[in-house]
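What follows is the content of target17.pdb, which has PDB, C-alpha atoms:
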```pdb
MODEL        1
ATOM      1  CA  MET A 225     -26.653  51.154  29.407
ATOM      2  CA  PRO A 226     -25.393  48.432  27.041
ATOM      3  CA  LYS A 227     -22.906  45.908  28.314
ATOM      4  CA  LYS A 228     -19.271  46.525  27.394
ATOM      5  CA  SER A 229     -16.479  44.178  26.453
ATOM      6  CA  LEU A 230     -13.951  43.669  29.253
ATOM      7  CA  ALA A 231     -11.293  43.290  26.595
ATOM      8  CA  ALA A 232     -12.123  46.746  25.273
ATOM      9  CA  ILE A 233     -11.891  48.299  28.719
ATOM     10  CA  ALA A 234      -8.573  46.559  29.279
ATOM     11  CA  LEU A 235      -7.218  48.244  26.158
ATOM     12  CA  ALA A 236      -7.125  51.543  28.047
ATOM     13  CA  LEU A 237      -3.524  50.742  28.874
ATOM     14  CA  PRO A 238      -0.847  52.925  30.363
ATOM     15  CA  LEU A 239       1.598  54.726  28.150
ATOM     16  CA  ALA A 240       2.972  52.351  25.508
ATOM     17  CA  LEU A 241       6.616  51.551  26.200
ATOM     18  CA  LEU A 242       9.378  49.991  24.163
ATOM     19  CA  LEU A 243       9.070  46.268  24.696
ATOM     20  CA  GLY A 244      12.113  44.357  25.900
ATOM     21  CA  GLY A 245      12.904  40.661  26.136
ATOM     22  CA  CYS A 246      10.885  38.542  28.537
ATOM     23  CA  ALA A 247      12.728  37.480  31.673
ATOM     24  CA  THR A 248      11.704  35.242  34.549
ATOM     25  CA  GLY A 249      12.278  35.802  38.239
ATOM     26  CA  SER A 250      14.524  33.709  40.425
ATOM     27  CA  ASP A 251      13.223  31.160  42.924
ATOM     28  CA  ASP A 252      14.314  33.226  45.950
ATOM     29  CA  SER A 253      11.398  35.264  47.231
ATOM     30  CA  ALA A 254      11.842  38.755  48.610
ATOM     31  CA  GLY A 255       9.301  38.009  51.308
ATOM     32  CA  SER A 256       5.523  37.848  51.493
ATOM     33  CA  GLY A 257       2.834  38.888  53.923
ATOM     34  CA  ASP A 258       5.301  40.661  56.233
ATOM     35  CA  ALA A 259       4.937  44.317  57.140
ATOM     36  CA  GLY A 260       8.640  44.473  58.027
ATOM     37  CA  GLN A 261      11.783  44.461  55.911
ATOM     38  CA  THR A 262      12.293  41.884  53.162
ATOM     39  CA  GLU A 263      15.280  39.707  52.386
ATOM     40  CA  GLY A 264      16.847  39.327  48.964
ATOM     41  CA  PRO A 265      16.081  41.384  45.858
ATOM     42  CA  VAL A 266      12.606  42.762  45.310
ATOM     43  CA  ARG A 267      11.383  41.496  41.953
ATOM     44  CA  ILE A 268       9.363  44.070  40.043
ATOM     45  CA  GLY A 269       7.584  43.165  36.815
ATOM     46  CA  VAL A 270       7.621  45.862  34.144
ATOM     47  CA  VAL A 271       7.017  46.240  30.426
ATOM     48  CA  GLY A 272       9.960  48.083  28.910
ATOM     49  CA  ALA A 273      12.811  47.664  31.384
ATOM     50  CA  GLY A 274      15.141  49.097  28.750
ATOM     51  CA  ASP A 275      13.865  52.602  29.420
ATOM     52  CA  PRO A 276      16.734  54.473  31.119
ATOM     53  CA  TYR A 277      14.662  55.626  34.089
ATOM     54  CA  TRP A 278      14.426  52.048  35.353
ATOM     55  CA  GLU A 279      18.206  51.947  35.816
ATOM     56  CA  THR A 280      17.989  55.303  37.585
ATOM     57  CA  TYR A 281      15.264  53.921  39.840
ATOM     58  CA  THR A 282      17.243  50.762  40.601
ATOM     59  CA  GLU A 283      20.239  52.880  41.592
ATOM     60  CA  ALA A 284      18.081  55.152  43.763
ATOM     61  CA  ALA A 285      16.682  52.110  45.570
ATOM     62  CA  ALA A 286      20.180  50.670  46.041
ATOM     63  CA  ALA A 287      21.230  53.932  47.674
ATOM     64  CA  GLU A 288      18.481  53.269  50.234
ATOM     65  CA  GLY A 289      19.705  49.718  50.791
ATOM     66  CA  ILE A 290      17.059  47.983  48.658
ATOM     67  CA  GLU A 291      18.112  45.660  45.851
ATOM     68  CA  ILE A 292      15.753  45.501  42.879
ATOM     69  CA  GLU A 293      15.542  42.822  40.212
ATOM     70  CA  LEU A 294      13.577  44.037  37.202
ATOM     71  CA  VAL A 295      11.626  41.327  35.397
ATOM     72  CA  ASP A 296      10.886  42.491  31.863
ATOM     73  CA  PHE A 297       7.801  41.305  29.995
ATOM     74  CA  THR A 298       6.849  41.693  26.352
ATOM     75  CA  GLU A 299       3.070  41.571  26.835
ATOM     76  CA  TYR A 300       0.770  43.483  29.161
ATOM     77  CA  THR A 301      -1.078  40.238  29.888
ATOM     78  CA  GLN A 302       1.940  38.684  31.644
ATOM     79  CA  PRO A 303       2.920  40.684  34.775
ATOM     80  CA  ASN A 304      -0.318  40.233  36.738
ATOM     81  CA  PRO A 305      -0.449  36.414  36.512
ATOM     82  CA  ALA A 306       3.249  36.332  37.444
ATOM     83  CA  LEU A 307       2.542  38.487  40.499
ATOM     84  CA  SER A 308      -0.417  36.334  41.512
ATOM     85  CA  ALA A 309       1.739  33.205  41.195
ATOM     86  CA  GLY A 310       4.429  34.622  43.481
ATOM     87  CA  GLU A 311       7.002  34.940  40.706
ATOM     88  CA  LEU A 312       7.131  38.692  41.365
ATOM     89  CA  ASP A 313       6.893  40.842  44.460
ATOM     90  CA  LEU A 314       5.459  43.901  42.698
ATOM     91  CA  ASN A 315       4.621  45.084  39.232
ATOM     92  CA  GLN A 316       4.433  48.563  37.757
ATOM     93  CA  PHE A 317       2.957  48.841  34.276
ATOM     94  CA  GLN A 318      -0.800  49.410  34.521
ATOM     95  CA  HIS A 319      -3.557  51.672  35.704
ATOM     96  CA  VAL A 320      -6.402  50.892  38.072
ATOM     97  CA  ILE A 321      -8.887  49.904  35.350
ATOM     98  CA  TYR A 322      -6.524  47.327  33.907
ATOM     99  CA  LEU A 323      -5.908  45.810  37.343
ATOM    100  CA  ALA A 324      -9.635  45.764  38.127
ATOM    101  CA  THR A 325     -10.336  43.955  34.868
ATOM    102  CA  TYR A 326      -7.664  41.379  35.648
ATOM    103  CA  ASN A 327      -9.006  40.779  39.146
ATOM    104  CA  GLU A 328     -12.559  40.337  37.874
ATOM    105  CA  GLN A 329     -11.528  37.944  35.118
ATOM    106  CA  SER A 330      -9.111  35.894  37.221
ATOM    107  CA  GLY A 331     -10.675  35.976  40.670
ATOM    108  CA  GLU A 332      -7.393  37.286  42.120
ATOM    109  CA  ASP A 333      -7.061  40.103  44.634
ATOM    110  CA  LEU A 334      -4.040  42.132  43.593
ATOM    111  CA  VAL A 335      -4.086  45.644  45.041
ATOM    112  CA  PRO A 336      -2.520  49.037  44.299
ATOM    113  CA  ILE A 337      -0.012  50.163  46.931
ATOM    114  CA  GLY A 338       1.063  53.453  45.381
ATOM    115  CA  ALA A 339       0.510  55.845  42.496
ATOM    116  CA  THR A 340       3.006  56.861  39.836
ATOM    117  CA  ALA A 341       1.483  59.007  37.097
ATOM    118  CA  ILE A 342      -1.506  59.637  34.930
ATOM    119  CA  TYR A 343      -1.065  60.091  31.197
ATOM    120  CA  PRO A 344      -3.774  62.613  30.356
ATOM    121  CA  LEU A 345      -6.166  62.442  27.463
ATOM    122  CA  GLY A 346      -6.396  65.948  26.083
ATOM    123  CA  LEU A 347      -8.954  68.154  24.368
ATOM    124  CA  TYR A 348      -7.513  70.160  21.467
ATOM    125  CA  SER A 349      -8.841  72.940  19.267
ATOM    126  CA  THR A 350      -7.530  74.955  16.345
ATOM    127  CA  GLN A 351     -10.370  77.463  16.630
ATOM    128  CA  TYR A 352     -10.608  78.258  20.335
ATOM    129  CA  ASP A 353      -8.018  79.009  22.994
ATOM    130  CA  SER A 354     -10.070  77.752  25.931
ATOM    131  CA  VAL A 355     -13.124  75.644  26.678
ATOM    132  CA  GLU A 356     -14.906  78.793  27.826
ATOM    133  CA  ASP A 357     -14.613  80.193  24.291
ATOM    134  CA  ILE A 358     -16.459  77.264  22.690
ATOM    135  CA  PRO A 359     -20.005  78.435  21.840
ATOM    136  CA  GLU A 360     -23.076  76.543  22.947
ATOM    137  CA  GLY A 361     -24.326  74.032  20.384
ATOM    138  CA  GLU A 362     -20.952  73.432  18.720
ATOM    139  CA  THR A 363     -19.736  69.894  17.999
ATOM    140  CA  VAL A 364     -16.836  68.215  19.783
ATOM    141  CA  ALA A 365     -15.290  64.923  18.622
ATOM    142  CA  VAL A 366     -14.257  61.987  20.810
ATOM    143  CA  PRO A 367     -12.640  58.642  19.893
ATOM    144  CA  ASN A 368     -15.192  55.934  19.118
ATOM    145  CA  ASP A 369     -13.419  53.024  20.839
ATOM    146  CA  GLU A 370     -15.152  52.149  24.090
ATOM    147  CA  SER A 371     -12.371  52.863  26.565
ATOM    148  CA  ASN A 372     -11.192  56.191  25.156
ATOM    149  CA  GLN A 373     -14.735  57.310  24.332
ATOM    150  CA  ALA A 374     -15.748  57.006  27.983
ATOM    151  CA  ARG A 375     -12.593  58.680  29.198
ATOM    152  CA  GLY A 376     -12.951  61.465  26.643
ATOM    153  CA  LEU A 377     -16.516  62.108  27.733
ATOM    154  CA  LEU A 378     -15.374  62.358  31.336
ATOM    155  CA  VAL A 379     -12.791  64.954  30.247
ATOM    156  CA  LEU A 380     -15.550  66.935  28.523
ATOM    157  CA  GLN A 381     -17.740  66.707  31.613
ATOM    158  CA  SER A 382     -14.898  67.866  33.857
ATOM    159  CA  ALA A 383     -14.396  70.812  31.493
ATOM    160  CA  GLY A 384     -18.062  71.770  31.774
ATOM    161  CA  LEU A 385     -18.911  70.990  28.156
ATOM    162  CA  VAL A 386     -21.234  68.028  28.702
ATOM    163  CA  GLU A 387     -23.376  66.419  31.356
ATOM    164  CA  LEU A 388     -23.459  62.621  31.457
ATOM    165  CA  LYS A 389     -26.206  60.278  32.554
ATOM    166  CA  ASP A 390     -25.767  59.208  36.184
ATOM    167  CA  GLY A 391     -22.619  61.320  36.420
ATOM    168  CA  GLY A 392     -20.680  59.247  33.900
ATOM    169  CA  SER A 393     -18.495  56.182  34.279
ATOM    170  CA  ILE A 394     -15.838  54.133  32.492
ATOM    171  CA  PHE A 395     -18.710  52.702  30.429
ATOM    172  CA  SER A 396     -20.191  56.012  29.222
ATOM    173  CA  THR A 397     -20.937  56.474  25.518
ATOM    174  CA  VAL A 398     -22.181  59.404  23.441
ATOM    175  CA  ALA A 399     -25.682  58.032  24.076
ATOM    176  CA  ASP A 400     -25.218  59.097  27.709
ATOM    177  CA  VAL A 401     -24.663  62.772  26.830
ATOM    178  CA  LEU A 402     -27.645  64.650  28.244
ATOM    179  CA  ASP A 403     -29.617  67.199  26.233
ATOM    180  CA  SER A 404     -28.674  69.823  28.814
ATOM    181  CA  SER A 405     -25.034  69.667  27.650
ATOM    182  CA  LYS A 406     -23.371  72.777  26.247
ATOM    183  CA  VAL A 407     -22.044  71.013  23.129
ATOM    184  CA  LYS A 408     -22.933  68.133  20.845
ATOM    185  CA  VAL A 409     -20.587  65.143  20.730
ATOM    186  CA  GLU A 410     -19.612  63.054  17.715
ATOM    187  CA  ALA A 411     -17.668  59.785  18.000
ATOM    188  CA  LEU A 412     -14.965  59.252  15.363
ATOM    189  CA  ASP A 413     -12.223  56.742  14.759
ATOM    190  CA  ALA A 414      -9.368  57.762  17.059
ATOM    191  CA  ALA A 415      -7.060  58.298  14.082
ATOM    192  CA  PHE A 416      -9.442  60.926  12.676
ATOM    193  CA  THR A 417     -10.078  63.019  15.779
ATOM    194  CA  ALA A 418      -7.007  65.158  15.070
ATOM    195  CA  THR A 419      -7.644  65.521  11.332
ATOM    196  CA  SER A 420     -11.221  66.569  12.088
ATOM    197  CA  LEU A 421     -10.074  69.659  14.011
ATOM    198  CA  PRO A 422     -10.812  72.095  11.137
ATOM    199  CA  ASP A 423     -14.417  70.843  11.063
ATOM    200  CA  VAL A 424     -15.288  70.700  14.769
ATOM    201  CA  ALA A 425     -14.931  73.039  17.710
ATOM    202  CA  ALA A 426     -12.539  70.683  19.483
ATOM    203  CA  SER A 427     -11.457  67.044  19.613
ATOM    204  CA  ILE A 428     -10.264  64.579  22.201
ATOM    205  CA  VAL A 429      -6.985  63.331  20.688
ATOM    206  CA  ASN A 430      -5.027  60.320  21.898
ATOM    207  CA  ASN A 431      -1.374  61.038  22.678
ATOM    208  CA  ASP A 432      -0.341  58.600  19.933
ATOM    209  CA  PHE A 433      -1.697  60.943  17.249
ATOM    210  CA  LEU A 434      -0.405  64.273  18.540
ATOM    211  CA  GLU A 435       2.924  64.393  16.732
ATOM    212  CA  ASP A 436       1.481  63.570  13.308
ATOM    213  CA  ALA A 437      -1.090  66.312  13.816
ATOM    214  CA  GLY A 438       1.568  68.860  14.722
ATOM    215  CA  LEU A 439       0.294  69.061  18.293
ATOM    216  CA  THR A 440       2.013  68.843  21.652
ATOM    217  CA  PRO A 441       0.522  68.040  25.067
ATOM    218  CA  GLU A 442       0.909  71.710  25.976
ATOM    219  CA  ASP A 443      -1.618  72.601  23.249
ATOM    220  CA  ALA A 444      -4.472  70.902  25.113
ATOM    221  CA  ILE A 445      -7.216  73.224  26.327
ATOM    222  CA  ALA A 446      -8.432  70.589  28.809
ATOM    223  CA  THR A 447      -7.207  67.244  30.130
ATOM    224  CA  ASP A 448      -7.981  64.748  32.857
ATOM    225  CA  ASP A 449      -7.769  66.470  36.219
ATOM    226  CA  PRO A 450      -5.673  64.170  38.451
ATOM    227  CA  SER A 451      -7.600  65.491  41.461
ATOM    228  CA  ASP A 452     -10.967  64.568  39.912
ATOM    229  CA  PRO A 453     -12.305  61.269  41.308
ATOM    230  CA  ASN A 454     -13.288  60.317  37.745
ATOM    231  CA  ALA A 455      -9.581  60.297  36.837
ATOM    232  CA  LEU A 456      -8.588  57.847  39.585
ATOM    233  CA  PRO A 457      -9.172  54.714  37.471
ATOM    234  CA  TYR A 458      -6.593  56.000  34.980
ATOM    235  CA  VAL A 459      -3.795  56.474  37.522
ATOM    236  CA  ASN A 460      -0.824  54.160  36.961
ATOM    237  CA  ILE A 461       0.189  52.149  39.985
ATOM    238  CA  PHE A 462       2.517  49.801  41.787
ATOM    239  CA  ALA A 463       0.567  46.576  42.428
ATOM    240  CA  ALA A 464       1.146  43.858  45.021
ATOM    241  CA  ARG A 465      -0.618  40.816  46.398
ATOM    242  CA  ALA A 466      -3.182  41.816  49.019
ATOM    243  CA  GLU A 467      -1.201  40.203  51.841
ATOM    244  CA  ASP A 468       1.792  42.409  50.968
ATOM    245  CA  ALA A 469      -0.059  45.725  50.918
ATOM    246  CA  ASP A 470       1.561  46.877  54.171
ATOM    247  CA  ASN A 471       5.082  45.648  53.434
ATOM    248  CA  GLU A 472       7.388  48.470  54.520
ATOM    249  CA  THR A 473      10.037  47.765  51.901
ATOM    250  CA  TYR A 474       7.489  47.862  49.102
ATOM    251  CA  GLN A 475       6.030  51.092  50.443
ATOM    252  CA  LYS A 476       9.526  52.557  50.575
ATOM    253  CA  LEU A 477      10.006  51.654  46.911
ATOM    254  CA  VAL A 478       6.872  53.613  46.059
ATOM    255  CA  GLU A 479       8.236  56.611  47.971
ATOM    256  CA  ILE A 480      11.584  56.389  46.158
ATOM    257  CA  TYR A 481       9.812  56.431  42.792
ATOM    258  CA  GLN A 482       7.612  59.361  43.778
ATOM    259  CA  ASN A 483      10.372  61.443  45.376
ATOM    260  CA  SER A 484      13.406  60.888  43.134
ATOM    261  CA  GLN A 485      13.615  63.815  40.730
ATOM    262  CA  ASP A 486      16.030  61.934  38.482
ATOM    263  CA  VAL A 487      13.512  59.098  38.156
ATOM    264  CA  LEU A 488      10.645  61.485  37.459
ATOM    265  CA  ASP A 489      12.693  63.363  34.872
ATOM    266  CA  GLY A 490      13.420  60.073  33.117
ATOM    267  CA  VAL A 491       9.774  59.037  33.122
ATOM    268  CA  GLN A 492       8.787  62.433  31.762
ATOM    269  CA  GLU A 493      11.298  62.134  28.944
ATOM    270  CA  ALA A 494      10.089  58.625  28.076
ATOM    271  CA  SER A 495       6.486  59.842  28.027
ATOM    272  CA  GLY A 496       7.180  62.654  25.604
ATOM    273  CA  GLY A 497       6.180  65.169  28.233
ATOM    274  CA  THR A 498       2.708  63.752  28.850
ATOM    275  CA  ALA A 499       3.137  62.282  32.350
ATOM    276  CA  GLN A 500       1.445  64.016  35.276
ATOM    277  CA  PHE A 501       2.863  62.642  38.505
ATOM    278  CA  VAL A 502       0.497  61.880  41.349
ATOM    279  CA  THR A 503       0.858  60.676  44.932
ATOM    280  CA  THR A 504      -2.692  59.469  45.446
ATOM    281  CA  PRO A 505      -2.970  57.618  48.790
ATOM    282  CA  ALA A 506      -3.131  53.840  48.496
ATOM    283  CA  ALA A 507      -6.468  53.789  50.323
ATOM    284  CA  ASP A 508      -8.022  55.978  47.619
ATOM    285  CA  LEU A 509      -6.582  53.759  44.897
ATOM    286  CA  VAL A 510      -7.994  50.655  46.569
ATOM    287  CA  ALA A 511     -11.402  52.317  46.877
ATOM    288  CA  SER A 512     -11.289  53.186  43.181
ATOM    289  CA  LEU A 513     -10.280  49.613  42.344
ATOM    290  CA  GLU A 514     -13.256  48.253  44.273
ATOM    291  CA  ASP A 515     -15.635  50.692  42.573
ATOM    292  CA  VAL A 516     -14.361  49.776  39.111
ATOM    293  CA  GLN A 517     -14.600  46.063  39.848
ATOM    294  CA  GLU A 518     -18.206  46.552  40.945
ATOM    295  CA  ASP A 519     -18.938  48.445  37.714
ATOM    296  CA  ILE A 520     -17.325  45.725  35.624
ATOM    297  CA  ALA A 521     -19.253  42.976  37.403
ATOM    298  CA  ALA A 522     -22.517  44.868  36.945
ATOM    299  CA  ASN A 523     -21.899  45.317  33.206
ATOM    300  CA  GLN A 524     -20.936  41.733  32.401
TER     301      GLN A 524
ENDMDL
END
```
What is this structure when it is put down as structure tokens?
Amino acid sequence: MPKKSLAAIALALPLALLLGGCATGSDDSAGSGDAGQTEGPVRIGVVGAGDPYWETYTEAAAAEGIEIELVDFTEYTQPNPALSAGELDLNQFQHVIYLATYNEQSGEDLVPIGATAIYPLGLYSTQYDSVEDIPEGETVAVPNDESNQARGLLVLQSAGLVELKDGGSIFSTVADVLDSSKVKVEALDAAFTATSLPDVAASIVNNDFLEDAGLTPEDAIATDDPSDPNALPYVNIFAARAEDADNETYQKLVEIYQNSQDVLDGVQEASGGTAQFVTTPAADLVASLEDVQEDIAANQ
């Protein structure tokens, strides 16, 4: 399999958010390497702190006796170095693949301590109501950029439409679609996967292009299955330094996010209805992180 660009894999970012002004954390640390309670505010790096659900989350944490200081960044490249440097206690803006890429490039060992949501990549069709209805030998379109192409192929495999060489991975391309697959696959520019729907049996369409195509997430006939191990690398996470993985306050903050209906409602509204909330155990997220880092190292 050809080597892939780490930069391209890193572009498989979490849901794009409105970008706010960049802030810096204070010099007072909330505590490090301690499994007990922390002192002072917990500084969480985010991209898009202006989204209303962050205020809801801050208030929910305060009700549990935990003070949060949100540190807003304008670029996705900023929160991980700030966390590594001790300027933050946690960050929440990325999925497992993005964190794995950062760790491999930087030599750091940030870890996921809790899951938030997965923003599914969907399969859409104007001709068929289900994947079962798609006849054998038909053509299905996927985005041609490396990150979304691989993810789209994994969606097709999960739906039973294709079989991928070696079971598929975050580096899969259309060249890895086996002849035994039910359908043929064509890679198109992501912007054209929706407009191609009249000409193909179905298309993997990025969420960014749904509205212009007159589609909604509910129209998808297949998406990532959050319970599928292949979807784990695309789960969005809270990240911490490795020595803080067992910090009870940080773990409580994950629980507050996962269990506050007001927070989840706000996230769902901000996502345009695309978020699928998950509570994947931290151990499974760490295992996925390690697997992805091994894949990245092997493909450099």
Please indicate the distance in Å from CA of Phe297 (chain A) to CA of Gly269 (chain A), rounded to one decimal place.
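It comes out at 7.1 Å.
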Spatial neighbours of Glu410 (chain A), max dist 7 Å, all atoms listed in the file, sep filter under 2 positions, as a VMD selection string
chain A and resid 363 to 366 408 412
Writing out the chosen residues with C-alpha atoms as a short mmCIF file (atom, residue, chain, number, x, y, z; two decimals), keeping the file's coordinate frame:
```cif
data_model
loop_
_atom_site.label_atom_id
_atom_site.label_comp_id
_atom_site.auth_asym_id
_atom_site.auth_seq_id
_atom_site.Cartn_x
_atom_site.Cartn_y
_atom_site.Cartn_z
CA THR A 363 -19.74 69.89 18.00
CA VAL A 364 -16.84 68.22 19.78
CA ALA A 365 -15.29 64.92 18.62
CA VAL A 366 -14.26 61.99 20.81
CA LYS A 408 -22.93 68.13 20.84
CA LEU A 412 -14.96 59.25 15.36
#
```
Hey, can you check how far CA of Ala446 (chain A) sits from CA of Asp486 (chain A)?
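Going from CA of Ala446 (chain A) over to CA of Asp486 (chain A), I get 27.7 Å.
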So which one's closest to Leu477 (chain A), A:Ala437, A:Ala309, A:Ala324, A:Ala464? Using only C-alpha atoms, please.
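Among A:Ala437, A:Ala309, A:Ala324, A:Ala464, it is A:Ala464 that comes nearest to Leu477 (chain A).
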Could you tell me how far CA of Gln500 (chain A) lies from CA of Ala341 (chain A), in Å and to one decimal?
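So the two atoms, CA of Gln500 (chain A) and CA of Ala341 (chain A), lie 5.3 Å apart.
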Quick one: which residues end up in the PyMOL selection byres ((chain A and resi 378) around 9) for this structure, as a PDB file with C-alpha atoms, in the frame of the given file?
```
ATOM      1  CA  GLN A 373     -14.735  57.310  24.332  1.00  0.00           C
ATOM      2  CA  ALA A 374     -15.748  57.006  27.983  1.00  0.00           C
ATOM      3  CA  ARG A 375     -12.593  58.680  29.198  1.00  0.00           C
ATOM      4  CA  GLY A 376     -12.951  61.465  26.643  1.00  0.00           C
ATOM      5  CA  LEU A 377     -16.516  62.108  27.733  1.00  0.00           C
ATOM      6  CA  VAL A 379     -12.791  64.954  30.247  1.00  0.00           C
ATOM      7  CA  LEU A 380     -15.550  66.935  28.523  1.00  0.00           C
ATOM      8  CA  GLN A 381     -17.740  66.707  31.613  1.00  0.00           C
ATOM      9  CA  SER A 382     -14.898  67.866  33.857  1.00  0.00           C
ATOM     10  CA  ALA A 383     -14.396  70.812  31.493  1.00  0.00           C
ATOM     11  CA  VAL A 386     -21.234  68.028  28.702  1.00  0.00           C
ATOM     12  CA  GLU A 387     -23.376  66.419  31.356  1.00  0.00           C
ATOM     13  CA  LEU A 388     -23.459  62.621  31.457  1.00  0.00           C
ATOM     14  CA  GLY A 391     -22.619  61.320  36.420  1.00  0.00           C
ATOM     15  CA  GLY A 392     -20.680  59.247  33.900  1.00  0.00           C
ATOM     16  CA  SER A 393     -18.495  56.182  34.279  1.00  0.00           C
ATOM     17  CA  ILE A 394     -15.838  54.133  32.492  1.00  0.00           C
ATOM     18  CA  SER A 396     -20.191  56.012  29.222  1.00  0.00           C
ATOM     19  CA  ASP A 448      -7.981  64.748  32.857  1.00  0.00           C
ATOM     20  CA  ASN A 454     -13.288  60.317  37.745  1.00  0.00           C
ATOM     21  CA  ALA A 455      -9.581  60.297  36.837  1.00  0.00           C
TER      22      ALA A 455
END
```
Selection under test: the PyMOL selection byres ((chain A and resi 518) around 12); residues as a ChimeraX atom specification
/A:321,324-325,327-328,393-394,511-517,519-524
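Under the PyMOL selection byres ((chain A and resi 445) around 9), the matching residues in the shown file are Gly346, Leu347, Tyr348, Ser349, Tyr352, Asp353, Ser354, Val355, Glu442, Asp443, Ala444, Ala446 and Thr447 of chain A.
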Residue neighbourhood Asn431 (chain A), 9 Å, all atoms listed in the file, exclusion window fewer than 4 positions, as a list in words:
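In the requested form, the answer reads Leu239, Tyr343, Pro344, Leu345, Gly346, Glu435, Thr440, Pro441 and Thr498 of chain A.
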Using all atoms listed in the file, which of A:Ser371, A:Ser484, A:Thr397, A:Thr419 sits nearest Asp436 (chain A)?
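Result for the nearest residue to Asp436 (chain A): A:Thr419.
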Pick from A:Ala285, A:Leu307, A:Leu421, A:Val320 nearest to Val510 (chain A), counting all atoms listed in the file:
A:Val320
Rank nothing, just name the residue among A:Glu493, A:Glu291, A:Glu362, A:Asp369 nearest to Val409 (chain A), using all atoms listed in the file.
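Smallest distance to Val409 (chain A) is found for A:Glu362.
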What box, with edges along x, y and z, holds each listed atom of region 438-456 of chain A when 4 Å is added on every side, and can you state its centre and edge lengths in Å to one decimal, as JSON?
```
{"center_x": -5.6, "center_y": 65.5, "center_z": 28.1, "size_x": 23.3, "size_y": 23.4, "size_z": 34.7}
```
Please return region 359-375 of chain A, rebuilt to N, CA and C atoms, as a PDB file, in the frame of the given file.
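Output file rebuild20.pdb follows:
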```pdb
ATOM      1  N   PRO A 359     -18.596  78.023  21.748  1.00  0.00           N
ATOM      2  CA  PRO A 359     -20.005  78.435  21.840  1.00  0.00           C
ATOM      3  C   PRO A 359     -20.937  77.253  22.118  1.00  0.00           C
ATOM      4  N   GLU A 360     -22.055  77.559  22.694  1.00  0.00           N
ATOM      5  CA  GLU A 360     -23.076  76.543  22.947  1.00  0.00           C
ATOM      6  C   GLU A 360     -23.588  75.981  21.623  1.00  0.00           C
ATOM      7  N   GLY A 361     -23.788  74.673  21.576  1.00  0.00           N
ATOM      8  CA  GLY A 361     -24.326  74.032  20.384  1.00  0.00           C
ATOM      9  C   GLY A 361     -23.289  73.567  19.388  1.00  0.00           C
ATOM     10  N   GLU A 362     -22.012  73.901  19.611  1.00  0.00           N
ATOM     11  CA  GLU A 362     -20.952  73.432  18.720  1.00  0.00           C
ATOM     12  C   GLU A 362     -20.736  71.925  18.901  1.00  0.00           C
ATOM     13  N   THR A 363     -19.995  71.333  17.963  1.00  0.00           N
ATOM     14  CA  THR A 363     -19.736  69.894  17.999  1.00  0.00           C
ATOM     15  C   THR A 363     -18.302  69.619  18.419  1.00  0.00           C
ATOM     16  N   VAL A 364     -18.145  68.659  19.311  1.00  0.00           N
ATOM     17  CA  VAL A 364     -16.836  68.215  19.783  1.00  0.00           C
ATOM     18  C   VAL A 364     -16.699  66.728  19.461  1.00  0.00           C
ATOM     19  N   ALA A 365     -15.522  66.320  18.997  1.00  0.00           N
ATOM     20  CA  ALA A 365     -15.290  64.923  18.622  1.00  0.00           C
ATOM     21  C   ALA A 365     -14.579  64.164  19.736  1.00  0.00           C
ATOM     22  N   VAL A 366     -14.933  62.893  19.874  1.00  0.00           N
ATOM     23  CA  VAL A 366     -14.257  61.987  20.810  1.00  0.00           C
ATOM     24  C   VAL A 366     -13.931  60.699  20.067  1.00  0.00           C
ATOM     25  N   PRO A 367     -12.933  59.937  20.520  1.00  0.00           N
ATOM     26  CA  PRO A 367     -12.640  58.642  19.893  1.00  0.00           C
ATOM     27  C   PRO A 367     -13.835  57.702  20.043  1.00  0.00           C
ATOM     28  N   ASN A 368     -14.025  56.812  19.059  1.00  0.00           N
ATOM     29  CA  ASN A 368     -15.192  55.934  19.118  1.00  0.00           C
ATOM     30  C   ASN A 368     -14.928  54.581  19.759  1.00  0.00           C
ATOM     31  N   ASP A 369     -13.656  54.270  20.118  1.00  0.00           N
ATOM     32  CA  ASP A 369     -13.419  53.024  20.839  1.00  0.00           C
ATOM     33  C   ASP A 369     -13.929  53.181  22.261  1.00  0.00           C
ATOM     34  N   GLU A 370     -14.395  52.069  22.842  1.00  0.00           N
ATOM     35  CA  GLU A 370     -15.152  52.149  24.090  1.00  0.00           C
ATOM     36  C   GLU A 370     -14.374  52.793  25.234  1.00  0.00           C
ATOM     37  N   SER A 371     -13.118  52.375  25.412  1.00  0.00           N
ATOM     38  CA  SER A 371     -12.371  52.863  26.565  1.00  0.00           C
ATOM     39  C   SER A 371     -12.061  54.348  26.462  1.00  0.00           C
ATOM     40  N   ASN A 372     -11.548  54.783  25.304  1.00  0.00           N
ATOM     41  CA  ASN A 372     -11.192  56.191  25.156  1.00  0.00           C
ATOM     42  C   ASN A 372     -12.416  57.082  24.978  1.00  0.00           C
ATOM     43  N   GLN A 373     -13.504  56.527  24.444  1.00  0.00           N
ATOM     44  CA  GLN A 373     -14.735  57.310  24.332  1.00  0.00           C
ATOM     45  C   GLN A 373     -15.237  57.694  25.720  1.00  0.00           C
ATOM     46  N   ALA A 374     -15.283  56.722  26.625  1.00  0.00           N
ATOM     47  CA  ALA A 374     -15.748  57.006  27.983  1.00  0.00           C
ATOM     48  C   ALA A 374     -14.827  58.001  28.670  1.00  0.00           C
ATOM     49  N   ARG A 375     -13.537  57.783  28.541  1.00  0.00           N
ATOM     50  CA  ARG A 375     -12.593  58.680  29.198  1.00  0.00           C
ATOM     51  C   ARG A 375     -12.681  60.081  28.607  1.00  0.00           C
TER      52      ARG A 375
END
```
